[in-house]
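Enquirer: File input_23.pdb follows (PDB, C-alpha atoms):
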MODEL        1
ATOM      1  CA  ALA A   1     -11.988  19.202   1.983
ATOM      2  CA  PRO A   2     -14.510  16.510   0.990
ATOM      3  CA  TYR A   3     -13.079  13.389  -0.569
ATOM      4  CA  GLY A   4     -14.418  10.124  -1.917
ATOM      5  CA  PRO A   5     -15.196   8.448  -5.252
ATOM      6  CA  ILE A   6     -14.535  10.520  -8.362
ATOM      7  CA  LYS A   7     -14.748   9.784 -12.082
ATOM      8  CA  VAL A   8     -11.412   9.202 -13.782
ATOM      9  CA  GLN A   9     -11.725  12.115 -16.215
ATOM     10  CA  GLU A  10     -12.747  14.465 -13.393
ATOM     11  CA  PHE A  11      -9.739  13.313 -11.364
ATOM     12  CA  VAL A  12      -7.399  13.908 -14.305
ATOM     13  CA  ASN A  13      -8.865  17.344 -15.028
ATOM     14  CA  GLU A  14      -8.733  18.485 -11.412
ATOM     15  CA  TYR A  15      -5.430  17.028 -10.218
ATOM     16  CA  LEU A  16      -3.314  16.023 -13.217
ATOM     17  CA  SER A  17      -3.999  18.682 -15.826
ATOM     18  CA  ASP A  18      -0.553  20.265 -15.390
ATOM     19  CA  ALA A  19       1.385  17.028 -14.809
ATOM     20  CA  ASN A  20       4.124  16.124 -17.281
ATOM     21  CA  THR A  21       4.386  12.578 -15.932
ATOM     22  CA  VAL A  22       2.134  10.447 -13.727
ATOM     23  CA  VAL A  23       3.338   7.661 -11.435
ATOM     24  CA  ALA A  24       0.755   5.096 -10.291
ATOM     25  CA  THR A  25       1.560   2.807  -7.349
ATOM     26  CA  SER A  26      -1.055   0.201  -8.279
ATOM     27  CA  LEU A  27      -1.844  -1.607 -11.521
ATOM     28  CA  ALA A  28      -5.535  -0.754 -11.141
ATOM     29  CA  LEU A  29      -4.775   2.978 -11.042
ATOM     30  CA  TYR A  30      -2.237   2.581 -13.836
ATOM     31  CA  ASP A  31      -4.839   0.923 -16.081
ATOM     32  CA  LEU A  32      -7.440   3.598 -15.293
ATOM     33  CA  LEU A  33      -5.128   6.527 -16.007
ATOM     34  CA  GLN A  34      -3.451   5.208 -19.158
ATOM     35  CA  ALA A  35      -6.409   6.140 -21.354
ATOM     36  CA  HIS A  36      -6.675   9.649 -19.901
ATOM     37  CA  SER A  37      -3.158  10.840 -19.124
ATOM     38  CA  GLN A  38       0.257  10.305 -20.712
ATOM     39  CA  PRO A  39       2.860   9.258 -19.900
ATOM     40  CA  VAL A  40       1.873   7.006 -16.966
ATOM     41  CA  TYR A  41       4.293   4.664 -15.170
ATOM     42  CA  HIS A  42       3.661   1.917 -12.623
ATOM     43  CA  VAL A  43       6.098   2.110  -9.684
ATOM     44  CA  GLN A  44       5.226   0.051  -6.607
ATOM     45  CA  ASN A  45       5.840   1.245  -3.062
ATOM     46  CA  GLY A  46       8.477  -0.532  -1.003
ATOM     47  CA  PHE A  47       9.388  -1.083   2.642
ATOM     48  CA  ASP A  48      12.534  -1.059   4.749
ATOM     49  CA  PRO A  49      13.464  -4.696   5.584
ATOM     50  CA  THR A  50      15.832  -3.560   8.344
ATOM     51  CA  ILE A  51      12.730  -2.435  10.251
ATOM     52  CA  PHE A  52       9.818  -4.466   8.896
ATOM     53  CA  SER A  53      10.586  -8.194   9.052
ATOM     54  CA  PRO A  54       8.649 -11.237  10.326
ATOM     55  CA  ASN A  55       8.829 -12.971  13.689
ATOM     56  CA  CYS A  56      10.907 -16.131  13.880
ATOM     57  CA  LYS A  57       8.396 -17.814  16.177
ATOM     58  CA  MET A  58       4.724 -18.616  15.674
ATOM     59  CA  LEU A  59       2.489 -16.697  18.093
ATOM     60  CA  LYS A  60       0.489 -18.769  20.558
ATOM     61  CA  GLY A  61      -2.897 -18.332  22.181
ATOM     62  CA  PRO A  62      -5.980 -16.588  20.709
ATOM     63  CA  ILE A  63      -5.429 -14.780  17.433
ATOM     64  CA  GLN A  64      -4.393 -11.144  17.706
ATOM     65  CA  ILE A  65      -6.182  -8.828  15.262
ATOM     66  CA  ALA A  66      -4.450  -5.543  14.418
ATOM     67  CA  TRP A  67      -5.359  -2.296  12.706
ATOM     68  CA  CYS A  68      -3.369   0.925  12.219
ATOM     69  CA  GLY A  69      -4.422   4.396  11.133
ATOM     70  CA  ASN A  70      -6.798   7.237  11.910
ATOM     71  CA  ALA A  71      -9.668   5.581  13.744
ATOM     72  CA  ALA A  72     -11.724   8.791  13.646
ATOM     73  CA  ASP A  73     -11.909   8.676   9.837
ATOM     74  CA  PRO A  74     -15.320   7.136   8.980
ATOM     75  CA  VAL A  75     -13.945   5.851   5.660
ATOM     76  CA  LYS A  76     -11.749   3.372   7.590
ATOM     77  CA  GLY A  77     -14.736   1.535   9.120
ATOM     78  CA  VAL A  78     -13.249   1.033  12.588
ATOM     79  CA  ASP A  79     -16.407   1.711  14.593
ATOM     80  CA  ASN A  80     -19.047   0.318  12.249
ATOM     81  CA  ILE A  81     -17.187  -2.665  10.722
ATOM     82  CA  LEU A  82     -14.037  -3.648  12.585
ATOM     83  CA  LYS A  83     -15.045  -3.416  16.236
ATOM     84  CA  PRO A  84     -18.420  -5.227  15.875
ATOM     85  CA  SER A  85     -16.933  -7.988  13.716
ATOM     86  CA  ALA A  86     -13.977  -8.567  16.095
ATOM     87  CA  LEU A  87     -16.082  -9.101  19.222
ATOM     88  CA  GLY A  88     -14.691 -12.074  21.134
ATOM     89  CA  TYR A  89     -11.194 -11.607  19.706
ATOM     90  CA  SER A  90      -8.193  -9.621  20.904
ATOM     91  CA  LEU A  91      -8.297  -6.392  18.866
ATOM     92  CA  ARG A  92      -5.231  -4.126  18.915
ATOM     93  CA  LEU A  93      -5.323  -0.598  17.442
ATOM     94  CA  ALA A  94      -2.338   1.610  16.661
ATOM     95  CA  THR A  95      -3.451   5.208  16.201
ATOM     96  CA  GLY A  96      -1.586   8.468  16.105
ATOM     97  CA  ASN A  97       2.063   9.045  15.251
ATOM     98  CA  VAL A  98       3.696   5.690  16.103
ATOM     99  CA  PRO A  99       7.501   5.393  15.520
ATOM    100  CA  GLN A 100       8.365   2.863  12.814
ATOM    101  CA  ASN A 101      10.321   0.553  15.123
ATOM    102  CA  ASN A 102       7.388   0.419  17.554
ATOM    103  CA  LEU A 103       4.983  -0.135  14.695
ATOM    104  CA  ALA A 104       7.027  -3.064  13.384
ATOM    105  CA  GLU A 105       6.947  -4.717  16.803
ATOM    106  CA  PHE A 106       3.198  -4.046  16.974
ATOM    107  CA  TYR A 107       2.769  -5.953  13.707
ATOM    108  CA  ARG A 108       5.049  -8.792  14.821
ATOM    109  CA  GLN A 109       2.910  -9.343  17.917
ATOM    110  CA  SER A 110      -0.215  -9.643  15.751
ATOM    111  CA  ASP A 111      -1.582 -12.500  13.662
ATOM    112  CA  VAL A 112      -4.066 -10.680  11.442
ATOM    113  CA  TYR A 113      -4.009  -7.216   9.908
ATOM    114  CA  VAL A 114      -7.300  -5.691   8.749
ATOM    115  CA  VAL A 115      -8.228  -3.329   5.933
ATOM    116  CA  CYS A 116     -11.957  -2.561   6.103
ATOM    117  CA  SER A 117     -12.012   0.834   4.387
ATOM    118  CA  VAL A 118     -14.619   2.018   1.928
ATOM    119  CA  HIS A 119     -11.760   2.791  -0.453
ATOM    120  CA  GLU A 120      -7.953   2.807  -0.382
ATOM    121  CA  ALA A 121      -5.049   3.283  -2.771
ATOM    122  CA  GLU A 122      -1.909   1.411  -1.666
ATOM    123  CA  PRO A 123      -1.853   1.621   2.143
ATOM    124  CA  LEU A 124       1.721   1.373   3.410
ATOM    125  CA  THR A 125       0.380  -0.100   6.643
ATOM    126  CA  LEU A 126      -0.825  -3.163   4.714
ATOM    127  CA  ILE A 127       2.554  -3.584   2.999
ATOM    128  CA  GLU A 128       4.495  -3.158   6.247
ATOM    129  CA  ALA A 129       2.170  -5.458   8.210
ATOM    130  CA  MET A 130       2.558  -8.211   5.612
ATOM    131  CA  ALA A 131       6.329  -7.682   5.636
ATOM    132  CA  CYS A 132       6.179  -8.420   9.381
ATOM    133  CA  GLY A 133       4.263 -11.646   8.765
ATOM    134  CA  CYS A 134       0.680 -10.525   9.418
ATOM    135  CA  PHE A 135      -2.095 -12.385   7.601
ATOM    136  CA  PRO A 136      -4.240  -9.681   5.946
ATOM    137  CA  VAL A 137      -8.028  -9.732   6.057
ATOM    138  CA  CYS A 138      -9.235  -7.111   3.608
ATOM    139  CA  CYS A 139     -11.958  -5.658   1.473
ATOM    140  CA  GLN A 140     -11.236  -5.756  -2.229
ATOM    141  CA  VAL A 141     -10.036  -2.159  -2.389
ATOM    142  CA  GLY A 142      -6.983  -0.464  -3.853
ATOM    143  CA  ILE A 143      -3.971  -2.697  -4.255
ATOM    144  CA  VAL A 144      -5.425  -5.574  -2.205
ATOM    145  CA  PRO A 145      -6.118  -7.836  -5.252
ATOM    146  CA  GLU A 146      -2.493  -7.317  -6.346
ATOM    147  CA  LEU A 147      -1.000  -8.375  -2.996
ATOM    148  CA  VAL A 148      -3.432 -10.828  -1.453
ATOM    149  CA  ARG A 149      -4.215 -14.331  -2.719
ATOM    150  CA  HIS A 150      -7.430 -15.465  -1.052
ATOM    151  CA  LYS A 151      -6.846 -18.110   1.658
ATOM    152  CA  GLU A 152      -3.196 -18.426   0.617
ATOM    153  CA  ASN A 153      -1.354 -15.387   1.940
ATOM    154  CA  GLY A 154      -4.460 -13.530   3.102
ATOM    155  CA  TYR A 155      -8.241 -13.388   3.085
ATOM    156  CA  ILE A 156     -10.410 -11.144   0.868
ATOM    157  CA  VAL A 157     -13.925 -10.762   2.276
ATOM    158  CA  SER A 158     -16.870 -11.345  -0.053
ATOM    159  CA  GLU A 159     -18.473  -8.041   0.950
ATOM    160  CA  ARG A 160     -17.784  -5.106   3.254
ATOM    161  CA  SER A 161     -19.992  -6.084   6.167
ATOM    162  CA  VAL A 162     -19.728  -7.048   9.838
ATOM    163  CA  GLU A 163     -20.869 -10.578   8.995
ATOM    164  CA  ALA A 164     -18.261 -11.062   6.257
ATOM    165  CA  PHE A 165     -15.397  -9.901   8.466
ATOM    166  CA  ALA A 166     -16.645 -12.000  11.398
ATOM    167  CA  GLU A 167     -16.657 -15.023   9.075
ATOM    168  CA  ALA A 168     -13.106 -14.192   7.971
ATOM    169  CA  PHE A 169     -11.855 -13.945  11.571
ATOM    170  CA  SER A 170     -13.508 -17.272  12.372
ATOM    171  CA  TRP A 171     -11.724 -18.857   9.405
ATOM    172  CA  CYS A 172      -8.415 -17.414  10.605
ATOM    173  CA  ALA A 173      -8.961 -18.820  14.107
ATOM    174  CA  GLU A 174      -9.706 -22.262  12.664
ATOM    175  CA  ASN A 175      -6.680 -22.148  10.354
ATOM    176  CA  ARG A 176      -4.135 -20.681  12.740
ATOM    177  CA  THR A 177      -1.242 -22.643  11.240
ATOM    178  CA  LEU A 178      -1.743 -20.889   7.874
ATOM    179  CA  LEU A 179      -1.487 -17.384   9.252
ATOM    180  CA  GLY A 180       2.303 -17.317   9.003
ATOM    181  CA  ARG A 181       1.934 -17.324   5.232
ATOM    182  CA  GLY A 182       0.944 -13.674   5.254
ATOM    183  CA  VAL A 183       4.524 -12.563   4.604
ATOM    184  CA  LEU A 184       4.564 -10.115   1.723
ATOM    185  CA  VAL A 185       5.737 -11.661  -1.546
ATOM    186  CA  ARG A 186       7.653  -8.647  -2.833
ATOM    187  CA  LYS A 187      11.325  -7.828  -2.971
ATOM    188  CA  PRO A 188      11.921  -5.221  -0.252
ATOM    189  CA  ILE A 189      13.373  -1.829  -1.053
ATOM    190  CA  SER A 190      16.961  -1.593   0.073
ATOM    191  CA  MET A 191      18.345   1.387   1.980
ATOM    192  CA  LEU A 192      20.552   2.105  -1.034
ATOM    193  CA  GLY A 193      17.513   1.995  -3.298
ATOM    194  CA  ASN A 194      15.618   4.294  -0.953
ATOM    195  CA  ARG A 195      18.399   6.892  -0.981
ATOM    196  CA  LEU A 196      18.868   6.557  -4.726
ATOM    197  CA  SER A 197      15.159   7.031  -5.354
ATOM    198  CA  ARG A 198      15.062  10.198  -3.240
ATOM    199  CA  MET A 199      18.127  11.549  -5.030
ATOM    200  CA  LEU A 200      16.704  10.814  -8.468
ATOM    201  CA  PHE A 201      13.321  12.304  -7.694
ATOM    202  CA  SER A 202      15.067  15.449  -6.435
ATOM    203  CA  LEU A 203      16.793  15.601  -9.791
ATOM    204  CA  PHE A 204      13.433  15.067 -11.478
ATOM    205  CA  SER A 205      11.959  18.028  -9.561
ATOM    206  CA  ALA A 206      14.837  20.249 -10.626
ATOM    207  CA  MET A 207      14.335  19.258 -14.243
ATOM    208  CA  MET A 208      10.616  20.080 -13.990
ATOM    209  CA  MET A 209      11.567  23.651 -13.063
ATOM    210  CA  LEU A 210      13.210  23.901 -16.475
ATOM    211  CA  ARG A 211      10.267  22.506 -18.424
ATOM    212  CA  GLN A 212       9.590  25.828 -20.183
ATOM    213  CA  ILE A 213      12.985  25.649 -21.919
ATOM    214  CA  ARG A 214      12.462  23.706 -25.151
ATOM    215  CA  THR A 215      16.108  22.657 -25.467
ATOM    216  CA  TRP A 216      15.733  20.624 -22.257
ATOM    217  CA  GLN A 217      12.780  18.523 -23.456
ATOM    218  CA  VAL A 218      14.700  15.503 -24.743
ATOM    219  CA  LEU A 219      17.040  15.441 -21.759
ATOM    220  CA  LYS A 220      14.143  15.928 -19.351
ATOM    221  CA  TYR A 221      12.232  12.891 -20.583
ATOM    222  CA  SER A 222      15.402  10.832 -20.634
ATOM    223  CA  VAL A 223      15.935  11.690 -16.967
ATOM    224  CA  ILE A 224      12.284  10.848 -16.172
ATOM    225  CA  TYR A 225      12.657   7.438 -17.782
ATOM    226  CA  PHE A 226      15.908   6.750 -15.914
ATOM    227  CA  ILE A 227      14.366   7.812 -12.593
ATOM    228  CA  LEU A 228      11.348   5.573 -12.945
ATOM    229  CA  MET A 229      13.243   2.562 -14.181
ATOM    230  CA  ALA A 230      15.862   2.866 -11.403
ATOM    231  CA  SER A 231      13.165   3.305  -8.771
ATOM    232  CA  ARG A 232      11.275   0.299 -10.041
ATOM    233  CA  ARG A 233      14.409  -1.828 -10.025
ATOM    234  CA  PHE A 234      15.056  -1.100  -6.351
ATOM    235  CA  MET A 235      11.428  -1.062  -5.172
ATOM    236  CA  LEU A 236       9.919  -4.177  -6.797
TER     237      LEU A 236
ENDMDL
END
Mind turning the file's structure into structure tokens?
Expert:
Amino acid sequence: APYGPIKVQEFVNEYLSDANTVVATSLALYDLLQAHSQPVYHVQNGFDPTIFSPNCKMLKGPIQIAWCGNAADPVKGVDNILKPSALGYSLRLATGNVPQNNLAEFYRQSDVYVVCSVHEAEPLTLIEAMACGCFPVCCQVGIVPELVRHKENGYIVSERSVEAFAEAFSWCAENRTLLGRGVLVRKPISMLGNRLSRMLFSLFSAMMMLRQIRTWQVLKYSVIYFILMASRRFML
């Protein structure tokens, strides 16, 4: 089915009209939906620190630029943005169904992780790459402004163009010693938190099946609140 930009009210009408509760993984989406749908909660995504963790040693040699995802998707900009802008650099692509342990090692052997999409929400690949110590070079899309501080723990390009990304890669090559600062500044989700979140959301789903029964309304919303607050505690 076609996808792409959509007005907020159209999105709410088409996808959220029967939702009792909405969970937004980014502040930008949370702010957009608050005026159109209630209740809305902000719950960030997390990562597994037993898998995604940084290298102990600084990589040597030319910078390694990495990207992960579906390269055939034109929205991602691999052929028209990434490849032309990375000419002269070592570009590493991870496509297809890559096991998490292999993906973590892929990130650890890379200096820079790229997001050059037309639009994104909260790509887990960006979160996991930063957790492994990659320095992100990104368009200002989705959650990027919430994670990346320009020229501190990442680089936000001025525009989505080959020239802007080429300039960013040149800056990274000239400031190689700063690239180790790309480690994600977010408390990682623990394995206990991950299991607890799944358990609570299963309970939430069961409660939604009972939403037609008026006597469950107060209890239902109490459970929703507990689920979201517990998830946020473990995932932020």
Enquirer: Do you have the atom CA of Gly46 of chain A-atom CA of Cys132 of chain A distance handy?
Expert: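 We find that atom CA of Gly46 of chain A and atom CA of Cys132 of chain A lie 13.2 Å from each other.
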Enquirer: Compare A:Leu178, A:Cys68, A:Ala104, A:Ala19 by their minimum atom-to-atom distance to Thr50 of chain A, counting all atoms listed in the file, and give me the closest one.
Expert: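 Among A:Leu178, A:Cys68, A:Ala104, A:Ala19, it is A:Ala104 that comes nearest to Thr50 of chain A.
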Enquirer: Please write the residues picked by the PyMOL selection byres ((chain A and resi 142) around 6) on this file as JSON, numbers by chain.
Expert: {"A": [120, 121, 122, 141, 143, 144]}
Enquirer: From the list A:Tyr113, A:Ser26, A:Val162, A:Leu91, which residue is nearest Val40 of chain A when using all atoms listed in the file?
Expert: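 Checking each of A:Tyr113, A:Ser26, A:Val162, A:Leu91 against Val40 of chain A, counting all atoms listed in the file, the winner is A:Ser26.
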Enquirer: Output as lines of an AutoDock Vina configuration file the centre and edge lengths (Å, one decimal) of the box along x, y and z of the file that holds every listed atom of segment 98-107 of chain A after adding 4 Å on each side.
Expert:
center_x = 6.5
center_y = -0.1
center_z = 15.2
size_x = 15.6
size_y = 19.6
size_z = 12.7
Enquirer: Just say which residues the PyMOL selection byres ((chain A and resi 145-152) around 10) picks in this file, as number ranges by chain.
Expert: A: 26-28, 122, 126-127, 130, 135-144, 153-157, 168, 171-172, 175, 178-179, 181-182, 184-186
Enquirer: Could you expand the PyMOL selection byres ((chain A and resi 131) around 8) into the explicit residues it covers here, written as a CSV table (one decimal) with C-alpha atoms, in the coordinates of the input?
Expert:
chain,number,residue,atom,x,y,z
A,47,PHE,CA,9.4,-1.1,2.6
A,49,PRO,CA,13.5,-4.7,5.6
A,52,PHE,CA,9.8,-4.5,8.9
A,53,SER,CA,10.6,-8.2,9.1
A,54,PRO,CA,8.6,-11.2,10.3
A,127,ILE,CA,2.6,-3.6,3.0
A,128,GLU,CA,4.5,-3.2,6.2
A,129,ALA,CA,2.2,-5.5,8.2
A,130,MET,CA,2.6,-8.2,5.6
A,132,CYS,CA,6.2,-8.4,9.4
A,133,GLY,CA,4.3,-11.6,8.8
A,134,CYS,CA,0.7,-10.5,9.4
A,183,VAL,CA,4.5,-12.6,4.6
A,184,LEU,CA,4.6,-10.1,1.7
Enquirer: Could you tell me which of A:Asn70, A:Gln109, A:Asn45, A:Ser37 comes closest to Glu10 of chain A if we count all atoms listed in the file?
Expert: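 The closest residue to Glu10 of chain A is A:Ser37.
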Enquirer: What gap, in Å, lies between atom CA of Pro84 of chain A and atom CA of Phe169 of chain A?
Expert: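 Answer for the atom CA of Pro84 of chain A to atom CA of Phe169 of chain A separation: 11.7 Å.
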Enquirer: What does the structure give for the distance between atom CA of Gln100 of chain A and atom CA of Asp73 of chain A, in Å to one decimal?
Expert: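 Separating atom CA of Gln100 of chain A from atom CA of Asp73 of chain A is a distance of 21.3 Å.
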Enquirer: At a cut-off of 12 Å, using all atoms listed in the file, what residues contact Asp18 of chain A? Leave out same-chain residues fewer than 3 positions from it and give the result as a VMD selection string.
Expert: chain A and resid 12 to 15 21 to 22 37 to 38 208 211
Enquirer: Pick the closest to Ala164 of chain A from A:Lys60, A:Val78, A:Ala86, A:Asn97: which is it, counting only C-alpha atoms?
Expert: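 When distances to Ala164 of chain A are compared using only C-alpha atoms, the smallest one comes from A:Ala86.
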Enquirer: Find, counting all atoms listed in the file, the residue in A:Ala71, A:Ala166, A:Thr125, A:Ile65 that gets nearest to Ser110 of chain A.
Expert: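 Among the listed residues, A:Ile65 lies closest to Ser110 of chain A.
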Enquirer: Could you give me, as a list in words, the residues within 12 Å of Phe11 of chain A, counting only C-alpha atoms and dropping anything in the same chain fewer than 4 positions from it?
Expert: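 In the requested form, the answer reads Tyr3, Gly4, Pro5, Ile6, Lys7, Tyr15, Leu16, Ser17, Leu29, Leu32, Leu33, His36 and Ser37 of chain A.
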